[in-house]
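Shown here: protein_30.cif, mmCIF, C-alpha atoms.
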```cif
data_coords
loop_
_atom_site.label_atom_id
_atom_site.label_comp_id
_atom_site.auth_asym_id
_atom_site.auth_seq_id
_atom_site.Cartn_x
_atom_site.Cartn_y
_atom_site.Cartn_z
CA MET A 1 -10.07 -75.86 -67.16
CA TYR A 2 -8.76 -73.84 -69.55
CA TYR A 3 -7.72 -70.51 -68.67
CA LEU A 4 -7.10 -68.14 -71.21
CA TYR A 5 -4.46 -65.89 -70.44
CA GLU A 6 -4.59 -62.77 -72.18
CA VAL A 7 -1.33 -61.70 -73.20
CA GLN A 8 -0.74 -58.13 -73.21
CA SER A 9 1.73 -56.77 -75.40
CA LEU A 10 3.83 -53.98 -74.42
CA PRO A 11 4.57 -51.44 -76.96
CA VAL A 12 8.13 -51.27 -77.67
CA ILE A 13 9.93 -48.42 -76.10
CA SER A 14 10.54 -45.87 -78.62
CA VAL A 15 12.24 -42.57 -78.50
CA ASN A 16 10.23 -39.65 -79.65
CA ILE A 17 12.46 -36.63 -80.15
CA TRP A 18 9.60 -34.16 -80.31
CA GLN A 19 8.25 -35.26 -77.08
CA ILE A 20 11.69 -35.03 -75.46
CA LEU A 21 12.16 -31.53 -76.84
CA ILE A 22 8.77 -30.40 -75.63
CA SER A 23 9.52 -31.87 -72.19
CA LEU A 24 12.89 -30.10 -72.13
CA VAL A 25 11.31 -26.80 -73.18
CA ASN A 26 8.65 -27.31 -70.51
CA LEU A 27 11.35 -28.01 -67.96
CA LEU A 28 13.33 -24.97 -69.08
CA LEU A 29 10.27 -22.72 -68.94
CA LEU A 30 9.35 -24.08 -65.53
CA PHE A 31 12.94 -23.51 -64.36
CA LEU A 32 12.95 -19.90 -65.68
CA LEU A 33 9.56 -19.15 -64.15
CA ILE A 34 10.59 -20.60 -60.79
CA LYS A 35 13.89 -18.72 -60.98
CA LYS A 36 12.22 -15.42 -61.83
CA PHE A 37 9.18 -15.57 -59.55
CA LEU A 38 10.37 -17.73 -56.70
CA TYR A 39 14.17 -17.97 -56.49
CA LYS A 40 15.05 -14.27 -56.98
CA PRO A 41 12.42 -12.91 -54.55
CA VAL A 42 13.35 -15.48 -51.93
CA LYS A 43 17.02 -14.71 -52.52
CA ASN A 44 16.28 -10.96 -52.18
CA VAL A 45 14.29 -11.52 -48.97
CA LEU A 46 17.12 -13.64 -47.57
CA LYS A 47 19.67 -10.98 -48.59
CA LYS A 48 17.62 -8.22 -46.91
CA ARG A 49 17.24 -10.33 -43.80
CA GLU A 50 20.98 -11.01 -43.76
CA GLU A 51 21.70 -7.27 -44.08
CA GLU A 52 19.26 -6.49 -41.24
CA ILE A 53 20.89 -9.12 -39.05
CA GLU A 54 24.36 -7.76 -39.92
CA GLU A 55 23.16 -4.25 -39.10
CA GLN A 56 21.79 -5.47 -35.77
CA TYR A 57 25.13 -7.17 -35.01
CA MET A 58 26.97 -3.94 -35.88
CA SER A 59 24.56 -1.93 -33.73
CA ALA A 60 25.00 -4.37 -30.85
CA ALA A 61 28.79 -4.25 -31.23
CA ASP A 62 28.71 -0.42 -31.23
CA ALA A 63 26.44 -0.42 -28.18
CA GLN A 64 28.74 -2.86 -26.41
CA LYS A 65 31.77 -0.76 -27.31
CA LYS A 66 30.06 2.40 -26.08
CA ALA A 67 28.99 0.61 -22.88
CA SER A 68 32.58 -0.52 -22.33
CA GLU A 69 33.83 3.03 -22.83
CA ASN A 70 31.17 4.38 -20.44
CA GLU A 71 32.09 1.74 -17.89
CA ARG A 72 35.77 2.64 -18.22
CA GLU A 73 34.97 6.37 -17.86
CA TRP A 74 32.82 5.72 -14.79
CA ASN A 75 35.50 3.54 -13.28
CA GLU A 76 38.03 6.33 -13.83
CA LYS A 77 35.66 8.89 -12.33
CA LEU A 78 34.98 6.59 -9.40
CA SER A 79 38.70 6.07 -8.91
CA LEU A 80 39.30 9.84 -9.02
CA ALA A 81 36.42 10.38 -6.60
CA ASN A 82 37.87 7.78 -4.23
CA GLU A 83 41.30 9.42 -4.45
CA LYS A 84 39.74 12.84 -3.82
CA ALA A 85 37.80 11.45 -0.84
CA ASP A 86 40.99 9.89 0.54
CA GLU A 87 42.80 13.20 0.07
CA ILE A 88 40.00 15.11 1.83
CA ILE A 89 40.00 12.60 4.69
CA GLN A 90 43.80 12.83 4.96
CA ASN A 91 43.67 16.64 4.97
CA ALA A 92 40.93 16.63 7.60
CA SER A 93 42.90 14.15 9.69
CA ASP A 94 46.08 16.23 9.39
CA SER A 95 44.16 19.39 10.23
CA ALA A 96 42.54 17.73 13.25
CA ARG A 97 45.91 16.40 14.39
CA TYR A 98 47.48 19.86 13.99
CA ARG A 99 44.61 21.51 15.89
CA GLY A 100 44.83 18.88 18.62
CA GLU A 101 48.57 19.41 18.99
CA LYS A 102 48.06 23.18 19.00
CA ILE A 103 45.35 22.93 21.67
CA ILE A 104 47.53 20.62 23.77
CA ALA A 105 50.51 22.99 23.42
CA GLU A 106 48.35 25.97 24.41
CA ALA A 107 46.97 24.04 27.36
CA ARG A 108 50.51 23.11 28.46
CA ASP A 109 51.59 26.73 28.13
CA LYS A 110 48.61 27.91 30.15
CA ALA A 111 49.21 25.23 32.76
CA GLN A 112 52.88 26.21 32.95
CA ASP A 113 51.88 29.88 33.33
CA ILE A 114 49.40 28.97 36.07
CA ILE A 115 52.01 26.86 37.83
CA SER A 116 54.66 29.58 37.67
CA ARG A 117 52.16 32.22 38.84
CA ALA A 118 51.15 29.93 41.69
CA GLU A 119 54.80 29.33 42.58
CA ASN A 120 55.49 33.09 42.49
CA GLU A 121 52.44 33.79 44.61
CA ALA A 122 53.43 31.02 47.02
CA GLU A 123 56.93 32.48 47.24
CA LEU A 124 55.51 35.94 47.89
CA GLU A 125 53.13 34.56 50.50
CA ARG A 126 55.99 32.67 52.12
CA LYS A 127 58.08 35.83 52.21
CA ARG A 128 55.16 37.81 53.61
CA ALA A 129 54.52 35.13 56.20
CA SER A 130 58.20 34.99 57.03
CA ASP A 131 58.34 38.77 57.35
CA ASP A 132 55.17 38.71 59.44
CA ILE A 133 56.59 36.00 61.67
CA ARG A 134 59.86 37.94 62.07
CA ARG A 135 57.99 41.08 62.90
CA GLN A 136 55.83 39.25 65.42
CA ILE A 137 58.89 37.49 66.91
CA VAL A 138 60.68 40.83 67.16
CA GLU A 139 57.69 42.38 68.84
CA VAL A 140 57.19 39.44 71.18
CA SER A 141 60.87 39.10 72.00
CA GLY A 142 61.12 42.83 72.39
CA ALA A 143 58.25 42.80 74.82
CA LEU A 144 59.74 39.87 76.69
CA THR A 145 63.18 41.33 76.76
CA GLU A 146 61.80 44.62 77.86
CA LYS A 147 60.12 43.01 80.77
CA MET A 148 63.17 41.00 81.57
CA LEU A 149 65.66 43.74 81.38
CA GLU A 150 63.22 46.37 82.32
CA ARG A 151 64.31 48.82 79.85
CA GLU A 152 68.06 48.56 80.03
CA VAL A 153 68.44 48.03 76.29
CA ASN A 154 66.67 50.35 73.96
CA THR A 155 64.22 49.00 71.38
CA ASP A 156 66.26 49.74 68.27
CA ASP A 157 69.27 47.83 69.56
CA HIS A 158 67.04 45.01 70.63
CA ARG A 159 65.37 44.80 67.22
CA ALA A 160 68.72 44.71 65.46
CA LEU A 161 69.82 41.79 67.64
CA ILE A 162 66.62 39.86 67.04
CA ASP A 163 66.68 40.52 63.26
CA SER A 164 70.23 39.19 63.00
CA PHE A 165 69.20 36.15 65.07
CA ILE A 166 66.17 35.48 62.84
CA GLU A 167 68.23 35.86 59.66
CA ASP A 168 70.67 33.33 61.00
CA ILE A 169 67.78 30.96 61.71
CA GLY A 170 66.25 31.63 58.27
CA ASP A 171 69.57 30.91 56.54
CA GLU A 172 69.92 27.62 58.39
CA ASN A 173 66.36 26.56 57.38
CA ASP A 174 66.83 27.38 53.69
#
```

Here is a file; write its structure as structure tokens.
Amino acid sequence: MYYLYEVQSLPVISVNIWQILISLVNLLLLFLLIKKFLYKPVKNVLKKREEEIEEQYMSAADAQKKASENEREWNEKLSLANEKADEIIQNASDSARYRGEKIIAEARDKAQDIISRAENEAELERKRASDDIRRQIVEVSGALTEKMLEREVNTDDHRALIDSFIEDIGDEND
């Protein structure tokens, strides 16, 4: 068996300058077209998007700064309100304490007045009772003495004797 091999011959590699130049021009034109119609618009879109994102970051930073300032202001206002509330409570407490002390002092004064009036009235009642008792003793002793002596001593002398006797007794009891 005989096989015939066909031998292919390869053309020899040759360099064709015109073809290289045309390929380079094609490549250059394709590069310029892609640059003009694809690269620049994409670059512009990316630049706009980057600016929008930067603007959003700036806006967020400003909002955060403003929120921090508002929080600080509210904290200051809250602190001032708490201080004011503490001051009001302290003033009310002091006022209540002062009123309580004033009421207690007035009550003590009134109680002292009542006690001294009661003591004065008791002293007056004691004196009245003592005078009443003396008078009754004088009358009773006068009547007794009168019956005993059957009118030998007059009543005025007898009363003077009894009064001096009662005063002596009263002085010993005091």

*Rank A:Leu27, A:Ile20, A:Leu161, A:Leu33 by their smallest atom-to-atom distance to Val138 (chain A), using only C-alpha atoms, and report the top residue only.*
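Smallest distance to Val138 (chain A) is found for A:Leu161.
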
*What separation in Å, quoted to one decimal, exists between CA of Lys127 (chain A) and CA of Asp163 (chain A)?*
14.8 Å

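Computed from the coordinates, the CA of Asp156 (chain A) to CA of Arg135 (chain A) distance equals 13.1 Å.
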
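The closest residue to Ile166 (chain A), picked from A:Arg49, A:Gln90, A:Ile133, A:Val140 and counting only C-alpha atoms, is A:Ile133.
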
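Put simply, CA of Trp18 (chain A) is 25.1 Å away from CA of Lys35 (chain A).
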